[in-house]
file entry32.tsv (TSV, C-alpha atoms)
chain	number	residue	atom	x	y	z
A	1	MET	CA	0.00	0.00	0.00
A	2	THR	CA	2.78	2.42	0.88
A	3	VAL	CA	4.33	1.83	-2.52
A	4	ILE	CA	1.02	2.70	-4.21
A	5	GLY	CA	0.81	5.84	-2.10
A	6	TYR	CA	4.32	6.77	-3.10
A	7	GLY	CA	3.41	6.21	-6.74
A	8	LEU	CA	0.46	8.57	-6.37
A	9	ALA	CA	2.69	11.17	-4.71
A	10	VAL	CA	5.17	10.93	-7.56
A	11	ILE	CA	2.55	11.78	-10.22
A	12	GLY	CA	2.44	15.40	-9.12
A	13	ALA	CA	6.20	15.69	-8.78
A	14	GLY	CA	6.62	14.13	-12.23
A	15	ILE	CA	4.27	16.70	-13.73
A	16	GLY	CA	6.19	19.45	-11.93
A	17	VAL	CA	9.62	18.33	-13.12
A	18	GLY	CA	8.23	17.80	-16.64
A	19	LEU	CA	6.76	21.29	-16.68
A	20	SER	CA	10.02	22.88	-15.57
A	21	ALA	CA	11.93	20.92	-18.21
A	22	PHE	CA	9.36	22.04	-20.77
A	23	GLY	CA	9.75	25.65	-19.71
A	24	GLY	CA	13.52	25.38	-19.73
A	25	ALA	CA	13.61	23.82	-23.20
A	26	THR	CA	11.21	26.40	-24.63
A	27	ALA	CA	13.09	29.31	-23.07
A	28	THR	CA	16.44	27.99	-24.30
A	29	ALA	CA	15.03	27.59	-27.82
A	30	ARG	CA	13.83	31.18	-27.78
A	31	GLN	CA	16.95	32.67	-26.27
A	32	PRO	CA	19.92	30.30	-26.48
A	33	GLU	CA	22.34	32.90	-25.10
A	34	MET	CA	20.49	32.83	-21.75
A	35	GLN	CA	21.09	29.08	-21.39
A	36	PRO	CA	23.17	29.14	-18.12
A	37	LYS	CA	20.61	31.28	-16.28
A	38	ILE	CA	17.72	29.20	-17.62
A	39	PHE	CA	19.50	26.01	-16.57
A	40	THR	CA	19.84	27.31	-13.02
A	41	THR	CA	16.15	28.21	-12.95
A	42	PHE	CA	15.24	24.80	-14.34
A	43	ILE	CA	17.33	23.00	-11.72
A	44	LEU	CA	15.71	25.04	-8.95
A	45	GLY	CA	12.17	24.37	-10.20
A	46	ALA	CA	12.91	20.69	-10.65
A	47	ALA	CA	14.48	20.49	-7.19
A	48	PHE	CA	11.53	22.12	-5.45
A	49	SER	CA	8.92	19.89	-7.12
A	50	GLU	CA	11.17	16.88	-6.64
A	51	ALA	CA	11.18	17.65	-2.92
A	52	LEU	CA	7.50	16.65	-2.76
A	53	ALA	CA	8.30	13.23	-4.18
A	54	LEU	CA	11.14	12.90	-1.68
A	55	ILE	CA	8.81	13.69	1.22
A	56	GLY	CA	6.53	10.97	-0.17
A	57	LEU	CA	9.47	8.58	-0.27
A	58	VAL	CA	10.36	9.33	3.34
A	59	LEU	CA	6.74	8.81	4.42
A	60	ALA	CA	6.59	5.53	2.51
A	61	LEU	CA	9.83	4.38	4.16
A	62	ILE	CA	8.87	5.29	7.72
A	63	SER	CA	5.38	3.81	7.46
A	64	ALA	CA	6.52	0.60	5.75
B	65	MET	CA	10.85	-22.10	-7.49
B	66	GLU	CA	11.21	-21.04	-11.10
B	67	SER	CA	14.07	-22.33	-13.17
B	68	GLY	CA	16.15	-20.66	-15.86
B	69	PRO	CA	18.56	-17.77	-15.61
B	70	LEU	CA	16.24	-15.63	-13.47
B	71	ALA	CA	15.98	-18.24	-10.69
B	72	GLY	CA	18.66	-16.68	-8.50
B	73	LEU	CA	17.67	-13.08	-9.10
B	74	SER	CA	15.90	-12.27	-5.83
B	75	HIS	CA	18.69	-13.93	-3.85
B	76	HIS	CA	21.32	-11.86	-5.66
B	77	ILE	CA	19.33	-8.65	-5.23
B	78	GLU	CA	19.14	-9.33	-1.49
B	79	GLU	CA	22.91	-9.84	-1.45
B	80	LEU	CA	23.36	-6.54	-3.32
B	81	LEU	CA	21.18	-4.66	-0.82
B	82	ALA	CA	23.06	-6.21	2.10
B	83	ASP	CA	26.34	-5.18	0.48
B	84	LEU	CA	25.08	-1.61	0.01
B	85	GLY	CA	24.16	-1.55	3.69
B	86	GLY	CA	27.85	-1.43	4.54
B	87	MET	CA	29.96	-3.61	6.79
B	88	ASP	CA	31.34	-2.95	10.26
B	89	ILE	CA	35.13	-2.98	10.46
B	90	ILE	CA	35.56	-1.94	14.09
B	91	ASP	CA	32.58	-1.98	16.42
B	92	PHE	CA	32.74	0.29	19.47
B	93	GLY	CA	29.33	-0.58	20.79
B	94	TRP	CA	27.99	2.97	20.57
B	95	GLY	CA	28.92	3.09	16.92
B	96	SER	CA	31.23	1.52	14.43
B	97	ILE	CA	33.70	2.24	11.67
B	98	THR	CA	32.11	0.89	8.52
B	99	THR	CA	33.41	0.44	4.99
B	100	TYR	CA	31.66	3.72	4.23
B	101	SER	CA	33.74	5.56	6.84
B	102	VAL	CA	36.92	4.27	5.23
B	103	TRP	CA	35.82	5.45	1.80
B	104	LEU	CA	34.78	8.77	3.31
B	105	LEU	CA	38.30	9.26	4.66
B	106	ILE	CA	39.82	8.23	1.33
B	107	VAL	CA	37.66	10.80	-0.47
B	108	LEU	CA	38.61	13.52	2.01
B	109	VAL	CA	42.32	12.82	1.55
B	110	LEU	CA	41.98	12.58	-2.25
B	111	VAL	CA	40.02	15.82	-2.61
B	112	PHE	CA	42.33	17.65	-0.23
B	113	ALA	CA	45.45	16.43	-2.03
B	114	LEU	CA	44.03	17.21	-5.46
B	115	ILE	CA	42.98	20.74	-4.54
B	116	TRP	CA	46.33	21.30	-2.77
B	117	VAL	CA	48.28	20.26	-5.85
B	118	VAL	CA	46.08	22.30	-8.19
B	119	LYS	CA	46.35	25.33	-5.91
B	120	SER	CA	50.14	25.25	-6.06
B	121	ARG	CA	50.05	24.99	-9.84
B	122	VAL	CA	47.68	27.87	-10.54
B	123	SER	CA	49.33	30.54	-12.66
B	124	LEU	CA	48.44	33.27	-15.12
B	125	ILE	CA	49.43	31.07	-18.03
B	126	PRO	CA	46.68	28.45	-18.49
B	127	LYS	CA	47.75	24.90	-17.73
B	128	LYS	CA	46.49	21.69	-19.30
B	129	GLY	CA	44.99	18.53	-17.81
B	130	PRO	CA	43.43	18.27	-14.34
B	131	THR	CA	44.47	21.77	-13.32
B	132	ALA	CA	42.55	23.27	-16.22
B	133	ALA	CA	39.55	21.03	-15.54
B	134	ILE	CA	39.35	22.07	-11.90
B	135	GLU	CA	39.91	25.72	-12.77
B	136	ALA	CA	37.06	25.55	-15.30
B	137	THR	CA	34.78	23.89	-12.72
B	138	VAL	CA	35.61	26.51	-10.10
B	139	ASP	CA	35.02	29.26	-12.64
B	140	TYR	CA	31.66	27.82	-13.65
B	141	ILE	CA	30.42	27.35	-10.08
B	142	ARG	CA	31.64	30.80	-9.10
B	143	LYS	CA	29.82	32.38	-12.02
B	144	GLU	CA	26.57	30.41	-11.93
B	145	VAL	CA	26.13	29.72	-8.21
B	146	GLY	CA	28.11	32.64	-6.82
B	147	PHE	CA	27.14	35.59	-8.96
B	148	GLY	CA	23.96	33.96	-10.28
B	149	VAL	CA	22.39	33.29	-6.87
B	150	LEU	CA	24.30	35.18	-4.17
B	151	GLY	CA	24.63	38.27	-6.35
B	152	HIS	CA	27.08	40.87	-5.09
B	153	LYS	CA	30.80	40.36	-4.68
B	154	GLU	CA	31.14	40.51	-0.86
B	155	ALA	CA	28.63	37.68	-0.45
B	156	VAL	CA	30.39	35.64	-3.13
B	157	ASP	CA	33.78	36.10	-1.48
B	158	LYS	CA	32.31	35.27	1.92
B	159	HIS	CA	30.33	32.14	1.11
B	160	MET	CA	32.17	30.62	-1.83
B	161	PRO	CA	34.84	28.79	0.26
B	162	PHE	CA	32.10	26.91	2.10
B	163	LEU	CA	30.16	26.18	-1.07
B	164	PHE	CA	33.28	24.93	-2.88
B	165	THR	CA	34.12	22.66	0.06
B	166	VAL	CA	30.64	21.17	-0.08
B	167	PHE	CA	30.72	20.86	-3.87
B	168	PHE	CA	34.07	19.14	-4.16
B	169	PHE	CA	33.39	16.83	-1.24
B	170	VAL	CA	30.03	15.71	-2.65
B	171	LEU	CA	31.44	15.41	-6.16
B	172	GLY	CA	34.45	13.42	-4.98
B	173	ALA	CA	32.35	11.08	-2.86
B	174	ASN	CA	29.88	10.54	-5.70
B	175	LEU	CA	32.63	9.90	-8.26
B	176	VAL	CA	34.50	7.44	-6.06
B	177	GLY	CA	31.26	5.49	-5.68
B	178	LEU	CA	31.25	4.81	-9.41
B	179	ILE	CA	34.49	2.80	-9.20
B	180	PRO	CA	33.47	-0.87	-9.03
B	181	GLY	CA	34.18	-2.16	-5.54
B	182	ALA	CA	34.39	1.30	-3.99
B	183	LYS	CA	31.55	2.78	-1.98
B	184	ALA	CA	30.08	6.26	-2.27
B	185	ALA	CA	30.06	7.97	1.12
B	186	THR	CA	27.06	9.96	-0.08
B	187	GLY	CA	25.20	6.66	-0.59
B	188	THR	CA	24.48	6.46	3.14
B	189	PHE	CA	21.84	8.53	4.82
B	190	SER	CA	24.03	9.40	7.82
B	191	VAL	CA	26.59	11.21	5.67
B	192	THR	CA	24.07	13.18	3.63
B	193	LEU	CA	22.08	14.04	6.75
B	194	THR	CA	25.24	15.37	8.40
B	195	LEU	CA	26.06	17.40	5.30
B	196	ALA	CA	22.54	18.83	5.20
B	197	LEU	CA	22.73	19.67	8.93
B	198	VAL	CA	26.03	21.48	8.40
B	199	CYS	CA	24.45	23.52	5.60
B	200	PHE	CA	21.36	24.17	7.75
B	201	VAL	CA	23.43	25.47	10.65
B	202	TYR	CA	25.57	27.52	8.25
B	203	PHE	CA	22.76	29.42	6.55
B	204	ASN	CA	20.82	29.91	9.77
B	205	TYR	CA	23.95	31.24	11.49
B	206	TYR	CA	24.54	33.78	8.75
B	207	GLY	CA	20.83	34.65	8.60
B	208	ILE	CA	20.76	35.37	12.34
B	209	LYS	CA	24.09	37.21	12.15
B	210	HIS	CA	22.76	39.33	9.31
B	211	SER	CA	19.47	40.51	10.80
B	212	GLY	CA	19.46	39.48	14.46
B	213	LEU	CA	17.72	36.53	16.07
B	214	TRP	CA	14.30	38.08	16.65
B	215	ILE	CA	14.00	39.71	13.24
B	216	TYR	CA	15.24	36.54	11.53
B	217	ILE	CA	12.57	34.45	13.26
B	218	LYS	CA	9.91	37.06	12.59
B	219	ASN	CA	10.90	37.45	8.95
B	220	LEU	CA	10.25	33.78	8.21
B	221	CYS	CA	6.76	35.02	7.41
B	222	PRO	CA	6.63	37.47	4.49
B	223	GLN	CA	5.38	40.93	5.38
B	224	GLY	CA	2.01	42.32	4.32
B	225	ILE	CA	-0.16	39.40	5.44
B	226	TYR	CA	-3.28	39.98	7.56
B	227	PRO	CA	-2.87	39.45	11.32
B	228	GLY	CA	-4.07	36.01	12.34
B	229	LEU	CA	-3.29	34.58	8.93
B	230	ASN	CA	0.38	35.45	9.29
B	231	ILE	CA	0.76	33.09	12.27
B	232	MET	CA	-0.37	30.21	10.08
B	233	VAL	CA	1.96	31.25	7.26
B	234	TRP	CA	4.78	31.57	9.83
B	235	LEU	CA	4.15	28.02	11.06
B	236	ILE	CA	4.15	26.64	7.52
B	237	GLU	CA	7.37	28.52	6.74
B	238	LEU	CA	8.96	27.17	9.93
B	239	LEU	CA	8.00	23.64	8.87
B	240	SER	CA	9.42	24.17	5.39
B	241	LEU	CA	12.60	25.56	6.95
B	242	PHE	CA	13.16	22.28	8.79
B	243	LEU	CA	12.04	20.23	5.81
B	244	ARG	CA	15.04	21.66	3.96
B	245	ILE	CA	17.28	19.34	6.00
B	246	VAL	CA	15.17	16.38	4.90
B	247	THR	CA	14.94	17.32	1.23
B	248	LEU	CA	18.63	18.22	0.91
B	249	SER	CA	19.81	14.99	2.48
B	250	VAL	CA	17.23	12.62	1.01
B	251	ARG	CA	17.66	13.98	-2.52
B	252	LEU	CA	21.38	13.24	-2.56
B	253	PHE	CA	21.06	9.93	-0.72
B	254	ALA	CA	18.15	8.62	-2.83
B	255	ASN	CA	19.83	9.53	-6.11
B	256	MET	CA	23.07	7.80	-5.19
B	257	TYR	CA	21.48	4.75	-3.56
B	258	ALA	CA	18.96	4.17	-6.35
B	259	GLY	CA	21.67	4.63	-8.96
B	260	HIS	CA	23.87	2.00	-7.32
B	261	ILE	CA	20.96	-0.43	-7.05
B	262	VAL	CA	20.11	-0.02	-10.74
B	263	ILE	CA	23.72	-0.49	-11.85
B	264	GLY	CA	24.09	-3.47	-9.53
B	265	ALA	CA	20.86	-5.06	-10.75
B	266	PHE	CA	21.96	-4.78	-14.39
B	267	ALA	CA	25.37	-6.23	-13.53
B	268	ILE	CA	23.65	-9.17	-11.78
B	269	LEU	CA	21.40	-9.75	-14.79
B	270	THR	CA	24.41	-9.70	-17.12
B	271	THR	CA	26.17	-12.41	-15.13
B	272	LEU	CA	23.00	-14.46	-14.60
B	273	PHE	CA	22.43	-14.74	-18.34
B	274	ILE	CA	26.04	-15.56	-19.26
B	275	PHE	CA	27.01	-18.09	-16.55
B	276	PRO	CA	24.83	-21.01	-17.74
B	277	GLU	CA	26.40	-20.69	-21.18
B	278	ILE	CA	29.94	-20.69	-19.82
B	279	ASN	CA	29.23	-23.72	-17.63
B	280	ALA	CA	27.36	-25.67	-20.34
B	281	SER	CA	29.66	-28.26	-21.86
B	282	SER	CA	27.74	-28.79	-25.09
B	283	LEU	CA	27.60	-25.35	-26.60
B	284	GLY	CA	27.27	-25.61	-30.35
B	285	PRO	CA	28.46	-22.81	-32.59
B	286	LEU	CA	24.90	-22.02	-33.64
B	287	SER	CA	23.22	-22.17	-30.24
B	288	LEU	CA	24.19	-19.07	-28.32
B	289	GLY	CA	21.48	-19.68	-25.75
B	290	THR	CA	20.96	-16.70	-23.49
B	291	ALA	CA	24.25	-14.99	-24.37
B	292	PRO	CA	22.62	-12.31	-26.59
B	293	ALA	CA	20.35	-11.37	-23.69
B	294	SER	CA	23.44	-11.00	-21.51
B	295	ILE	CA	25.05	-8.69	-24.07
B	296	ALA	CA	21.85	-6.62	-24.20
B	297	TRP	CA	21.91	-6.25	-20.39
B	298	MET	CA	25.59	-5.33	-20.63
B	299	LEU	CA	24.80	-2.52	-23.10
B	300	LEU	CA	22.03	-1.28	-20.80
B	301	LEU	CA	24.52	-1.40	-17.92
B	302	VAL	CA	27.00	0.76	-19.83
B	303	ALA	CA	24.21	3.20	-20.74
B	304	MET	CA	23.11	3.41	-17.10
B	305	TYR	CA	26.72	3.94	-16.03
B	306	GLY	CA	26.97	6.92	-18.39
B	307	MET	CA	23.69	8.22	-17.01
B	308	GLU	CA	25.03	7.87	-13.45
B	309	LEU	CA	28.15	9.79	-14.42
B	310	LEU	CA	25.82	12.64	-15.39
B	311	VAL	CA	23.75	12.30	-12.19
B	312	VAL	CA	26.91	12.48	-10.07
B	313	PHE	CA	27.76	15.94	-11.40
B	314	ILE	CA	24.17	17.21	-11.42
B	315	GLN	CA	23.53	16.15	-7.81
B	316	ALA	CA	26.72	17.79	-6.57
B	317	TYR	CA	25.74	20.94	-8.46
B	318	VAL	CA	22.14	20.86	-7.18
B	319	PHE	CA	23.29	20.43	-3.58
B	320	THR	CA	25.62	23.44	-3.87
B	321	LEU	CA	23.04	25.53	-5.72
B	322	LEU	CA	20.31	24.88	-3.16
B	323	THR	CA	22.66	25.66	-0.28
B	324	ALA	CA	23.51	28.93	-2.00
B	325	VAL	CA	19.81	29.70	-2.49
B	326	TYR	CA	19.11	29.06	1.20
B	327	ILE	CA	22.03	31.29	2.20
B	328	GLN	CA	20.73	33.99	-0.11
B	329	MET	CA	17.19	33.67	1.28
B	330	ALA	CA	18.48	33.86	4.86
B	331	THR	CA	20.75	36.86	4.35
B	332	SER	CA	18.61	39.03	2.06
B	333	GLU	CA	16.43	41.82	3.42
B	334	HIS	CA	12.71	41.24	3.38
call {"tool": "encode", "arguments": {"input": "entry32.tsv", "output": "structure tokens"}}
result
Amino acid sequence: MTVIGYGLAVIGAGIGVGLSAFGGATATARQPEMQPKIFTTFILGAAFSEALALIGLVLALISA
Amino acid sequence: MESGPLAGLSHHIEELLADLGGMDIIDFGWGSITTYSVWLLIVLVLVFALIWVVKSRVSLIPKKGPTAAIEATVDYIRKEVGFGVLGHKEAVDKHMPFLFTVFFFVLGANLVGLIPGAKAATGTFSVTLTLALVCFVYFNYYGIKHSGLWIYIKNLCPQGIYPGLNIMVWLIELLSLFLRIVTLSVRLFANMYAGHIVIGAFAILTTLFIFPEINASSLGPLSLGTAPASIAWMLLLVAMYGMELLVVFIQAYVFTLLTAVYIQMATSEH
């Protein structure tokens, strides 16, 4: 059950990371010279949405 | 019990997990020196020696080889993390030594873990939790030093929120402040641990599919048996290894970047 719960938690984080990658790719295509700044922003966005999945992982581990 | 090459898989996976758990070398009772501690010390010595040598070789005329590689890395981190996140020059000069220490330690530990037989110190939760705690204490110390204890605690909640509601926002912000320890440490640990499990599982599958063919006495030239499957697993293993090489750098970078962001958040005026 905890694994199913973790899977559910990861859906949102997956959407979040995908959206930030989408935004990063689009922005880089529009303005390639801004690539380093955009990469930093992408990493930050991905890290913050990934954090939700990590909290889910911790909850799954401690309730297993 | 199923037969065929996959019969021993779960047993081997259990062995792999036990191996990743580490092994006690000296047990004190209250704690023990594990294989991970030894690799941690090796990484510390290696990184220290490497940086020491590179430092003595730095000159105005660009060098080649490892010196140039480390100089380029330092330059990149200084530009992207330092000036990109921290902003002005005093903050960069003040916090960069700490951030570089964290970066090179995490990178070194991650890279050593990719050597077959070696263990990544960052693949244990204790090490990453300690690292995250050090970063937590560091940015809180500088936040409190910057604006004073009371104002720092008060400023966890953004200004301009209605009274009553701001207490709730403050509580949520306090929770998210402490969750930073968890997310920083678990992100690094989970990435390294999961990466090692995946690489290990593919290596196990490669051997499981090739051993019956080596042991079989009657192997005709036309019957390769499960050997092609083994080669396919091997190719996947190499691909995953390349992927892990990428993850190693990205995770070290992410750890440093997030620490810099937290320092910036703690020391900026609200």
call {"tool": "residues_around", "arguments": {"input": "entry32.tsv", "residues": "Gly56 in chain A", "least_positions_apart": "6", "cutoff": "12 Å", "atoms": "all atoms listed in the file", "output": "mmCIF file with C-alpha atoms, in the coordinates of the input"}}
result
data_model
loop_
_atom_site.group_PDB
_atom_site.id
_atom_site.type_symbol
_atom_site.label_atom_id
_atom_site.label_comp_id
_atom_site.auth_asym_id
_atom_site.auth_seq_id
_atom_site.Cartn_x
_atom_site.Cartn_y
_atom_site.Cartn_z
ATOM 1 C CA THR A 2 2.780 2.420 0.880
ATOM 2 C CA VAL A 3 4.330 1.830 -2.520
ATOM 3 C CA ILE A 4 1.020 2.700 -4.210
ATOM 4 C CA GLY A 5 0.810 5.840 -2.100
ATOM 5 C CA TYR A 6 4.320 6.770 -3.100
ATOM 6 C CA GLY A 7 3.410 6.210 -6.740
ATOM 7 C CA LEU A 8 0.460 8.570 -6.370
ATOM 8 C CA ALA A 9 2.690 11.170 -4.710
ATOM 9 C CA VAL A 10 5.170 10.930 -7.560
ATOM 10 C CA ILE A 11 2.550 11.780 -10.220
ATOM 11 C CA GLY A 12 2.440 15.400 -9.120
ATOM 12 C CA ALA A 13 6.200 15.690 -8.780
ATOM 13 C CA SER A 49 8.920 19.890 -7.120
ATOM 14 C CA GLU A 50 11.170 16.880 -6.640
ATOM 15 C CA ILE A 62 8.870 5.290 7.720
ATOM 16 C CA SER A 63 5.380 3.810 7.460
ATOM 17 C CA ALA A 64 6.520 0.600 5.750
ATOM 18 C CA VAL B 246 15.170 16.380 4.900
ATOM 19 C CA THR B 247 14.940 17.320 1.230
ATOM 20 C CA VAL B 250 17.230 12.620 1.010
ATOM 21 C CA ARG B 251 17.660 13.980 -2.520
#
call {"tool": "closest_atom_pairs", "arguments": {"input": "entry32.tsv", "of": "chain A", "to": "chain B", "cutoff": "9 Å", "atoms": "only C-alpha atoms", "output": "JSON lines"}}
result
{"residue": "A:Pro36", "atom": "CA", "partner": "B:Glu144", "partner_atom": "CA", "distance": 7.2}
{"residue": "A:Lys37", "atom": "CA", "partner": "B:Gly148", "partner_atom": "CA", "distance": 7.4}
{"residue": "A:Thr40", "atom": "CA", "partner": "B:Glu144", "partner_atom": "CA", "distance": 7.5}
{"residue": "A:Ile43", "atom": "CA", "partner": "B:Val318", "partner_atom": "CA", "distance": 7.0}
{"residue": "A:Leu44", "atom": "CA", "partner": "B:Leu322", "partner_atom": "CA", "distance": 7.4}
{"residue": "A:Ala47", "atom": "CA", "partner": "B:Val318", "partner_atom": "CA", "distance": 7.7}
{"residue": "A:Phe48", "atom": "CA", "partner": "B:Thr247", "partner_atom": "CA", "distance": 8.9}
{"residue": "A:Glu50", "atom": "CA", "partner": "B:Arg251", "partner_atom": "CA", "distance": 8.2}
{"residue": "A:Ala51", "atom": "CA", "partner": "B:Thr247", "partner_atom": "CA", "distance": 5.6}
{"residue": "A:Leu52", "atom": "CA", "partner": "B:Thr247", "partner_atom": "CA", "distance": 8.5}
{"residue": "A:Leu54", "atom": "CA", "partner": "B:Thr247", "partner_atom": "CA", "distance": 6.5}
{"residue": "A:Ile55", "atom": "CA", "partner": "B:Thr247", "partner_atom": "CA", "distance": 7.1}
{"residue": "A:Leu57", "atom": "CA", "partner": "B:Val250", "partner_atom": "CA", "distance": 8.8}
{"residue": "A:Val58", "atom": "CA", "partner": "B:Val250", "partner_atom": "CA", "distance": 8.0}
call {"tool": "closest_residue", "arguments": {"input": "entry32.tsv", "among": "B:Ala330, B:Ile89, B:Leu104, B:Ala71", "to": "Asn219 in chain B", "atoms": "all atoms listed in the file"}}
result
B:Ala330
call {"tool": "closest_residue", "arguments": {"input": "entry32.tsv", "among": "B:Leu150, B:Ala185, B:Ile225, B:Ile215", "to": "Gly86 in chain B", "atoms": "only C-alpha atoms"}}
result
B:Ala185
call {"tool": "residues_around", "arguments": {"input": "entry32.tsv", "residues": "Thr192 in chain B", "least_positions_apart": "4", "cutoff": "7 Å", "atoms": "only C-alpha atoms", "output": "PDB file with C-alpha atoms, in the frame of the given file"}}
result
ATOM      1  CA  THR B 186      27.060   9.960  -0.080  1.00  0.00           C
ATOM      2  CA  THR B 188      24.480   6.460   3.140  1.00  0.00           C
ATOM      3  CA  ALA B 196      22.540  18.830   5.200  1.00  0.00           C
ATOM      4  CA  SER B 249      19.810  14.990   2.480  1.00  0.00           C
ATOM      5  CA  LEU B 252      21.380  13.240  -2.560  1.00  0.00           C
ATOM      6  CA  PHE B 253      21.060   9.930  -0.720  1.00  0.00           C
TER       7      PHE B 253
END
call {"tool": "atom_distance", "arguments": {"input": "entry32.tsv", "atom1": "CA of Ile263 in chain B", "atom2": "CA of Val111 in chain B"}}
result
24.8 Å
call {"tool": "atom_distance", "arguments": {"input": "entry32.tsv", "atom1": "CA of Ala296 in chain B", "atom2": "CA of Gly18 in chain A"}}
result
29.0 Å
call {"tool": "atom_distance", "arguments": {"input": "entry32.tsv", "atom1": "CA of Thr290 in chain B", "atom2": "CA of Tyr305 in chain B"}}
result
22.7 Å
call {"tool": "closest_residue", "arguments": {"input": "entry32.tsv", "among": "B:Thr137, B:Ser211, B:Thr271, B:Thr331", "to": "Phe168 in chain B", "atoms": "all atoms listed in the file"}}
result
B:Thr137
call {"tool": "closest_residue", "arguments": {"input": "entry32.tsv", "among": "B:Lys128, B:Lys209, B:Lys153, B:Lys183", "to": "Thr99 in chain B", "atoms": "only C-alpha atoms"}}
result
B:Lys183
call {"tool": "residues_around", "arguments": {"input": "entry32.tsv", "residues": "Leu309 in chain B", "least_positions_apart": "5", "cutoff": "10 Å", "atoms": "only C-alpha atoms", "output": "count of residues only"}}
result
7
call {"tool": "residues_near_point", "arguments": {"input": "entry32.tsv", "point": "(14.2, 25.7, 7.4)", "cutoff": "12 Å", "atoms": "all atoms listed in the file", "output": "VMD selection string"}}
result
chain B and resid 196 to 197 199 to 205 207 216 to 217 220 to 221 234 to 248 323 326 to 327 329 to 330
call {"tool": "closest_residue", "arguments": {"input": "entry32.tsv", "among": "A:Ala46, A:Ala29, A:Ile38, A:Met1", "to": "Val17 in chain A", "atoms": "only C-alpha atoms"}}
result
A:Ala46
